[in-house]
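In what follows, a single structure is set out as structure tokens and then discussed.
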Amino acid sequence: MGLRVLAAMSGGVDSAVAAARIAEAGHDVTGVHLALSANPQSHRTGARGCCTIEDSRDARRAADVIGIPFYIWDMAERFQRDVVEDFVAEYAAGRTPNPCLRCNEKIKFAAVLDRALALGFDAVATGHHARLVDGVLSRSVDQAKDQSYVLGVLTREQLSHAIFPLGDSTKTEVRAEAARRGLTVADKPDSHDICFIADGDTRGFLAERLGSAEGPIVDQEGEVVGSHQGAHGFTVGQRKGLRIDRPAPDGRPRYVLSIEPVSNTVTVGPRSALEVTTITCGRPVWNGPARRDDLTVQLRAHGEVYPCRFEESGGELTIELDRPATGVAAGQAAVLYSGATVIGSATIVSAS
Amino acid sequence: MLPEAIEAMTEQLKRPGNASSLHATGRQARRVVEESRETIADALGARPSEVVFTSGGTEADNLAIKGLYWARRPRRRVLISAVEHHAVLDPAHWLGDSQGAQVELLEVDEHGRVHPDTLRAAIERDPDDVALVSVMWANNEVGTLQPVQVLAAIAHDHGIPFHTDAVQAVGQLPVSFAGSGADALTLTGHKLGGPIGAGALLLARGMTPVSVLHGGGQERDVRSGTLDAPAIAGFAAAVTAAVRDQEAVAGRLTALRDDLIKRVRDAVPDVVLNGDPAGRLPGNAHFSFPGCEGDALLMLLDAKGVECSTGSACSAGVSQPSHVLLAMGADAAAARGSLRFSLGHTSTPADVDRLIEVLPAAVDRARRAGLS
């Protein structure tokens with residue numbers, strides 16, 4: 001007898017194929033669509049959003065084709081509290097959160113997993129592009145689609161109840177398989193951006209919730225070079241949208257170097273000033289093997305990887321990069337890899 | 001579907017013909033439709049001319065609520081019970097939102113019943129402004145029967161038309177249109193063993209609701225659309241069989257349901273039976289399971305081969321606490337933790353045995369999940 005598996009089905013092609021594969025492997029699979037918005041929109045607009053009514057219908061249609069029971073779980077309240085409000089609070093504190101990662105950590109592999117286990121399921125399966133073999137998480141064979149970064153925060157316990165059936169396939173293969181299986185979502189566009197900001201206007205979303213307050217944009221010497229309507233509208237490494245009238249003396253573009261929420265100050269400077277080699281992190285999670293060969297760290301979703309060394313002491317992780325990185329923002333996760341294998345992660349506190 | 005309904009319908013599916021055509025095949029189709037109309041009228045204490053065929057219960061309810069409201073303008077008040085099906089509730093609220101109606105929900109008691117005094121008091125606040133009254137014959141969720149005859153008489157004291165949604169009642173209970181005193185009564189085929197897509201509004205002579213569907217005026221100029229002769233034949237055969245067998249089926253289902261209720265109470269001592277303990281639909285048992293989420297319990301029972309319903313409406317696929325239970329005074333948690341078990345002509349004692357076998361473990365598990 002196979003496992004009792006809850007397949008989280010977003011209505012997209014990946015989770016549909018993931019559910020189909022585990023069902024075909026002989027497991028007892030139940031499809032569940034997570035309703036994450038209390039007031040869902042009827043239809044998707046382009047590639048944005050992931051919890052419209054249309055998406056839930058697509059998920060149900062896929063479950064019918066696969067031939068598995070299908071239910072909708074209302075997770076809107078938890079999602080609002082643990083992901084949306086956390087997202088806003090992180091920006092308010094001058095950090096740059098990753099809501100997809102938080103959703104995996106707090107919703108899919110926490111609230112949903114807990115409920116699933118209580119109801120007698122053995123595992124939760126998702127359509128993430130990552131490999132998970134014997135509880136060890138590693139990168140998808142599809143480098144461009146790899147999502148091990150947003151799963152790198154999961155604990156061993158969470159990973160022990162997870163199934164990622166797509167890690168050995170490329171997205172192209174997944175789409176072809178969906179078409180072969182008669183899943184109508186085969187050609188559905190990939191979702192991008194933040195699902196709960198339907199129009200893609202993150203700055204507008206934050207301004208609505210955090211209000212606007214004019215503050216200074218200063219250079220590294222502290223000289224005021226412009227103004228802004230709220231420090232929460234900025235991310236470290238950001239270049240566009242600074243609206244500085246005066247060019248830098250050397251004529252080179254300027255980037256956001258740091259954000260100070262208390263004084264509502266945004267500091268800008270040249271790209272070279274963004275370069276950091278030492279990254280200090282908190283909340284380390286060791287979820288992989290104790291391998292320390294071929295060490296690299298990834299500092300944002302779909303970001304570059306950097307060869308590195310690290311030291312842990314007193315709940316604090318210090319990562320030394322072999323070459324400088326830019327645009328390293330507090331609040332993002334640093335996920336550590338040995339080769340393609342995730343060995344652990346931590347939350348970035350500061351970088352220099 | 002009942003075998004006799006399938007037979008009657010498939011027989012007609014082989015024949016062409018539009019009941020509105022004047023040629024021979026048209027006459028043949030019309031004969032089928034008119035004989036079906038007579039059959040249904042006869043089974044339900046109505047005259048043939050009082051049968052208006054529709055596509056089902058929702059259309060019949062819409063025609064009654066909207067059509068009578070429009071016909072009775074400038075009267076504005078629409079009085080309906082708080083526990084109506086959405087096919088009545090939503091057209092009424094639509095009239096309120098966009099057509100100037102003043103919708104007033106009649107309170108129910110803890111069993112879900114509208115008291116005659118409640119209706120009388122509501123009407124008497126401003127009788128001349130009441131466009132219509134609608135109270136269902138039996139509630140689809142908790143099964144409670146309404147005192148339709150008494151309520152209709154109160155409406156008539158003030159010359160107000162009375163509609164009743166009897167979708168749940170026909171075939172389950174003795175239903176006489178004339179005996180009920182209602183001016184309009186909704187029924188539908190698929191609830192009594194007929195095809196989906198055929199239903200009727202029984203409409204007293206003299207009632208002229210404004211059309212919802214305009215066109216050829218096929219049904220008394222009140223409802224347009226080419227009639228589906230095969231479905232209507234199946235519908236009529238189902239009504240005949242359901243009414244013929246009603247007493248025997250009701251007796252059997254009542255016994256089976258009472259056994260189910262007793263054994264569920266034994267298995268889950270703190271379960272709460274919702275709806276009127278006695279005056280309810282024969283095949284209906286509706287419970288609240290304290291500490292459980294109905295959705296979780298439904299999923300666990302479904303996995304064990306027991307099919308039931310949370311009986312609650314869906315909003316964007318997310319189940320909402322039932323407006324019926326809330327109107328009966330339940331809190332949102334109790335409303336969410338509720339399930340309906342419906343028994344029908346295929347239900348057997350073995351089905352009840354199976355439920356009782358798997359229910360305690362499912363309730364335990366749902367309770368644990370509810371706490372996590």
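So you can find residues: chains in the structure tokens are A, B, ... in the order shown, residues in each start at 1, and ligands are numbered from 1 in order.
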
- prompt: Counting only C-alpha atoms, which residues of chain A come no farther than 8 Å from chain B, as a list of chain:residue names?
  reply: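 Filtering chain A at 8 Å from chain B with only C-alpha atoms gives A:Ala35, A:Pro40, A:Ile53, A:Ser56, A:Tyr71, A:Ile72, A:Trp73, A:Asp74, A:Asp114, A:Arg115, A:Ala116, A:Ala118, A:Leu119, A:Gly120.
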
query: Looking only at the backbone, which of the residues in segment 44-226 of chain A does DSSP tag as strand (DSSP E), as a PyMOL selection string?
result: chain A and resi 70-74+123-125+130-133+136-139+162-163+215-218+224-226

Give me, as a Markdown table, each residue of segment 35-146 of chain A that comes within 7 Å of segment 326-331 of chain A, together with its shortest interatomic pair and the distance in Å at one decimal, counting only C-alpha atoms, with rows ordered by chain and rising residue number.
```
| residue | atom | partner | partner_atom | distance |
| --- | --- | --- | --- | --- |
| A:Arg95 | CA | A:Gly331 | CA | 4.9 |
| A:Thr96 | CA | A:Gly331 | CA | 4.9 |
| A:Pro97 | CA | A:Gly331 | CA | 5.1 |
```

- request: Extract, using only C-alpha atoms, all DNA, RNA and protein residues at most 9 Å from Val32 of chain B, discarding same-chain residues fewer than 5 positions from it, and format them as a ChimeraX atom specification.
  value: /B:12,19,27,37,229-230,232-233

Would you save the residues from that selection as a compact mmCIF listing (two decimals), in the first residue's frame, using N, CA and C atoms?
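Final output, selection.txt:
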```
# COMPACT_ATOMS: atom_id res chain seq x y z
N GLN B 12 -38.96 9.13 -26.19
CA GLN B 12 -39.19 10.40 -26.90
C GLN B 12 -37.94 10.92 -27.60
N ALA B 19 -42.79 20.93 -30.21
CA ALA B 19 -44.17 21.00 -29.75
C ALA B 19 -44.90 22.26 -30.21
N ARG B 27 -47.26 18.00 -33.79
CA ARG B 27 -48.46 17.62 -33.04
C ARG B 27 -48.15 16.46 -32.10
N ARG B 37 -48.18 17.31 -18.93
CA ARG B 37 -48.74 18.41 -18.12
C ARG B 37 -49.94 17.91 -17.32
N ALA B 229 -39.46 18.13 -25.07
CA ALA B 229 -40.49 17.10 -24.91
C ALA B 229 -39.97 15.81 -24.26
N PRO B 230 -38.80 15.29 -24.67
CA PRO B 230 -38.32 14.07 -24.02
C PRO B 230 -38.08 14.25 -22.51
N ILE B 232 -39.46 16.43 -20.56
CA ILE B 232 -40.75 16.62 -19.90
C ILE B 232 -41.46 15.28 -19.73
N ALA B 233 -41.35 14.41 -20.72
CA ALA B 233 -41.95 13.07 -20.59
C ALA B 233 -41.31 12.30 -19.43
```

query: Can you tell me, as a ChimeraX atom specification, what residues are no more than 10 Å from Ser272 of chain A when counting only C-alpha atoms, ignoring any on the same chain fewer than 4 positions away?
result: /A:254-255,276,324-326

query: Where does DSSP see alpha helix (DSSP H) in segment 179-333 of chain B, if you list the residues as a PyMOL selection string?
result: chain B and resi 179-180+229-267+294-303+323-327+332-333

task: With a distance cut-off of 8 Å and only C-alpha atoms, select the neighbouring residues of Asp219 of chain A, excluding the residue or stretch itself and same-chain residues fewer than 2 positions from it, and output the selection as number ranges by chain.
output: A: 217, 221-225, 267-269

message: For Val114 of chain B, find every residue with an atom within 12 Å (counting only C-alpha atoms), except residues of its own chain fewer than 3 positions away, and show them as a PyMOL selection string.
response: chain B and resi 79-84+105-111+117-122+134-139+144-148+150-151+276+327-328

Limited to N, CA and C atoms, could you put the picked residues into a file as a compact mmCIF listing (two decimals), in the first residue's frame?
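selection.txt, freshly written:
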```
# COMPACT_ATOMS: atom_id res chain seq x y z
N LEU B 79 -41.25 39.45 1.22
CA LEU B 79 -41.07 38.73 2.49
C LEU B 79 -40.72 37.27 2.19
N ILE B 80 -39.53 36.87 2.60
CA ILE B 80 -39.13 35.47 2.41
C ILE B 80 -38.52 34.95 3.72
N SER B 81 -38.51 33.65 3.89
CA SER B 81 -37.94 33.13 5.12
C SER B 81 -36.42 33.26 5.06
N ALA B 82 -35.81 33.29 6.22
CA ALA B 82 -34.35 33.45 6.29
C ALA B 82 -33.62 32.17 5.89
N VAL B 83 -34.37 31.08 5.71
CA VAL B 83 -33.71 29.79 5.44
C VAL B 83 -33.96 29.30 4.02
N GLU B 84 -34.38 30.20 3.14
CA GLU B 84 -34.65 29.80 1.76
C GLU B 84 -33.40 29.29 1.05
N LEU B 105 -36.33 39.35 5.67
CA LEU B 105 -36.17 37.93 5.97
C LEU B 105 -36.99 37.59 7.21
N LEU B 106 -37.87 36.61 7.05
CA LEU B 106 -38.71 36.19 8.17
C LEU B 106 -37.90 35.31 9.10
N GLU B 107 -37.89 35.65 10.38
CA GLU B 107 -37.13 34.89 11.36
C GLU B 107 -37.65 33.46 11.49
N VAL B 108 -36.75 32.56 11.88
CA VAL B 108 -37.16 31.18 12.15
C VAL B 108 -36.80 30.82 13.59
N ASP B 109 -37.41 29.77 14.10
CA ASP B 109 -37.07 29.33 15.45
C ASP B 109 -35.84 28.43 15.41
N GLU B 110 -35.49 27.82 16.53
CA GLU B 110 -34.24 27.05 16.58
C GLU B 110 -34.30 25.79 15.71
N HIS B 111 -35.51 25.39 15.30
CA HIS B 111 -35.63 24.26 14.38
C HIS B 111 -35.67 24.70 12.92
N ASP B 117 -47.26 33.70 13.39
CA ASP B 117 -47.29 35.05 13.98
C ASP B 117 -46.20 35.95 13.40
N THR B 118 -45.07 35.34 13.09
CA THR B 118 -43.97 36.13 12.52
C THR B 118 -44.39 36.71 11.18
N LEU B 119 -45.00 35.87 10.36
CA LEU B 119 -45.44 36.35 9.04
C LEU B 119 -46.55 37.39 9.19
N ARG B 120 -47.48 37.10 10.08
CA ARG B 120 -48.61 38.02 10.23
C ARG B 120 -48.11 39.39 10.68
N ALA B 121 -47.23 39.38 11.66
CA ALA B 121 -46.70 40.66 12.17
C ALA B 121 -45.93 41.40 11.08
N ALA B 122 -45.16 40.65 10.29
CA ALA B 122 -44.37 41.29 9.23
C ALA B 122 -45.29 41.94 8.20
N SER B 134 -42.71 34.41 0.12
CA SER B 134 -42.22 33.10 -0.31
C SER B 134 -41.61 32.36 0.88
N VAL B 135 -42.16 31.19 1.16
CA VAL B 135 -41.62 30.34 2.22
C VAL B 135 -41.58 28.91 1.69
N MET B 136 -40.43 28.28 1.80
CA MET B 136 -40.24 26.93 1.25
C MET B 136 -41.10 25.90 1.97
N TRP B 137 -41.40 24.82 1.24
CA TRP B 137 -42.22 23.75 1.84
C TRP B 137 -41.40 22.97 2.87
N ALA B 138 -40.18 22.64 2.49
CA ALA B 138 -39.30 21.90 3.41
C ALA B 138 -37.88 22.36 3.13
N ASN B 139 -37.11 22.48 4.21
CA ASN B 139 -35.76 23.02 4.05
C ASN B 139 -34.80 21.98 3.51
N THR B 144 -36.46 20.71 7.89
CA THR B 144 -37.65 21.17 8.62
C THR B 144 -38.78 21.55 7.68
N LEU B 145 -39.99 21.09 8.02
CA LEU B 145 -41.18 21.41 7.22
C LEU B 145 -41.78 22.73 7.71
N GLN B 146 -42.30 23.49 6.76
CA GLN B 146 -42.93 24.77 7.11
C GLN B 146 -44.45 24.62 7.07
N PRO B 147 -45.15 25.39 7.89
CA PRO B 147 -46.63 25.34 7.88
C PRO B 147 -47.18 26.13 6.68
N VAL B 148 -46.94 25.58 5.49
CA VAL B 148 -47.21 26.31 4.26
C VAL B 148 -48.67 26.74 4.14
N VAL B 150 -50.95 27.31 6.40
CA VAL B 150 -51.30 28.41 7.33
C VAL B 150 -50.69 29.72 6.84
N LEU B 151 -49.45 29.64 6.39
CA LEU B 151 -48.76 30.86 5.94
C LEU B 151 -49.43 31.43 4.69
N ASP B 276 -36.10 20.18 12.90
CA ASP B 276 -37.19 19.69 13.73
C ASP B 276 -37.05 18.18 13.94
N ALA B 327 -29.26 31.30 10.80
CA ALA B 327 -30.60 31.84 11.06
C ALA B 327 -31.28 31.11 12.21
N MET B 328 -30.91 29.84 12.41
CA MET B 328 -31.50 29.04 13.49
C MET B 328 -30.81 29.33 14.82
```

message: Report, in Å with one decimal, the straight-line distance from atom CA of Asp245 of chain B to atom CA of Gln172 of chain B.
response: 9.2 Å

message: Which residue is closest to Thr280 of chain A? Choose from A:Gly344, A:Gly200, A:Gly315, A:Gly2 and count only C-alpha atoms.
response: A:Gly315

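Residues with any atom within 6 Å of segment 45-59 of chain B, counting only C-alpha atoms and excluding same-chain neighbours fewer than 5 positions away, are Arg37, Glu38, Ala87, Ser176, Phe177, Ala178, Leu187, Thr188, Gly197, Ala198, Gly199, Ala200, Leu201, Leu202, Leu203, Ala204 and Glu219 of chain B.
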
Could the residues in this selection be written to a file with N, CA and C atoms, as a CSV table (one decimal), in the first residue's frame?
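Result saved to part03.csv:
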```
chain,number,residue,atom,x,y,z
B,37,ARG,N,-48.2,17.3,-18.9
B,37,ARG,CA,-48.7,18.4,-18.1
B,37,ARG,C,-49.9,17.9,-17.3
B,38,GLU,N,-50.8,17.1,-18.0
B,38,GLU,CA,-52.0,16.6,-17.3
B,38,GLU,C,-51.6,15.6,-16.2
B,87,ALA,N,-31.8,29.8,-4.6
B,87,ALA,CA,-32.5,30.1,-5.8
B,87,ALA,C,-33.7,31.0,-5.5
B,176,SER,N,-50.2,18.8,-2.3
B,176,SER,CA,-51.4,19.2,-3.1
B,176,SER,C,-51.3,20.7,-3.3
B,177,PHE,N,-51.2,21.1,-4.6
B,177,PHE,CA,-51.1,22.5,-4.9
B,177,PHE,C,-52.4,23.2,-4.4
B,178,ALA,N,-53.6,22.6,-4.8
B,178,ALA,CA,-54.8,23.3,-4.4
B,178,ALA,C,-55.0,23.3,-2.9
B,187,LEU,N,-41.2,23.0,-8.4
B,187,LEU,CA,-40.7,21.6,-8.3
B,187,LEU,C,-39.7,21.4,-9.4
B,188,THR,N,-38.9,20.3,-9.2
B,188,THR,CA,-37.9,20.0,-10.3
B,188,THR,C,-37.8,18.5,-10.4
B,197,GLY,N,-32.8,19.2,-15.6
B,197,GLY,CA,-33.1,20.2,-16.7
B,197,GLY,C,-34.5,20.3,-17.1
B,198,ALA,N,-35.4,19.6,-16.2
B,198,ALA,CA,-36.8,19.8,-16.4
B,198,ALA,C,-37.4,20.0,-15.1
B,199,GLY,N,-38.3,21.1,-15.0
B,199,GLY,CA,-39.0,21.4,-13.7
B,199,GLY,C,-40.2,22.2,-14.1
B,200,ALA,N,-40.9,22.7,-13.1
B,200,ALA,CA,-42.1,23.4,-13.4
B,200,ALA,C,-42.4,24.4,-12.2
B,201,LEU,N,-43.1,25.5,-12.6
B,201,LEU,CA,-43.7,26.3,-11.6
B,201,LEU,C,-45.2,26.1,-11.8
B,202,LEU,N,-45.8,25.6,-10.7
B,202,LEU,CA,-47.3,25.5,-10.7
B,202,LEU,C,-47.8,26.9,-10.4
B,203,LEU,N,-48.6,27.4,-11.2
B,203,LEU,CA,-49.0,28.8,-11.2
B,203,LEU,C,-50.5,29.0,-11.2
B,204,ALA,N,-51.1,29.4,-10.1
B,204,ALA,CA,-52.6,29.5,-10.1
B,204,ALA,C,-53.1,30.4,-11.2
B,219,GLU,N,-45.1,29.0,-22.9
B,219,GLU,CA,-45.8,28.6,-21.7
B,219,GLU,C,-46.6,29.7,-21.1
```

field: atom CA of Ala92 of chain A to atom CA of Ala248 of chain A, straight-line distance in Å
entry: 27.9 Å

message: Between atom CA of Ile107 of chain A and atom CA of Leu151 of chain A, what is the distance in Å, rounded to a tenth?
response: 12.1 Å
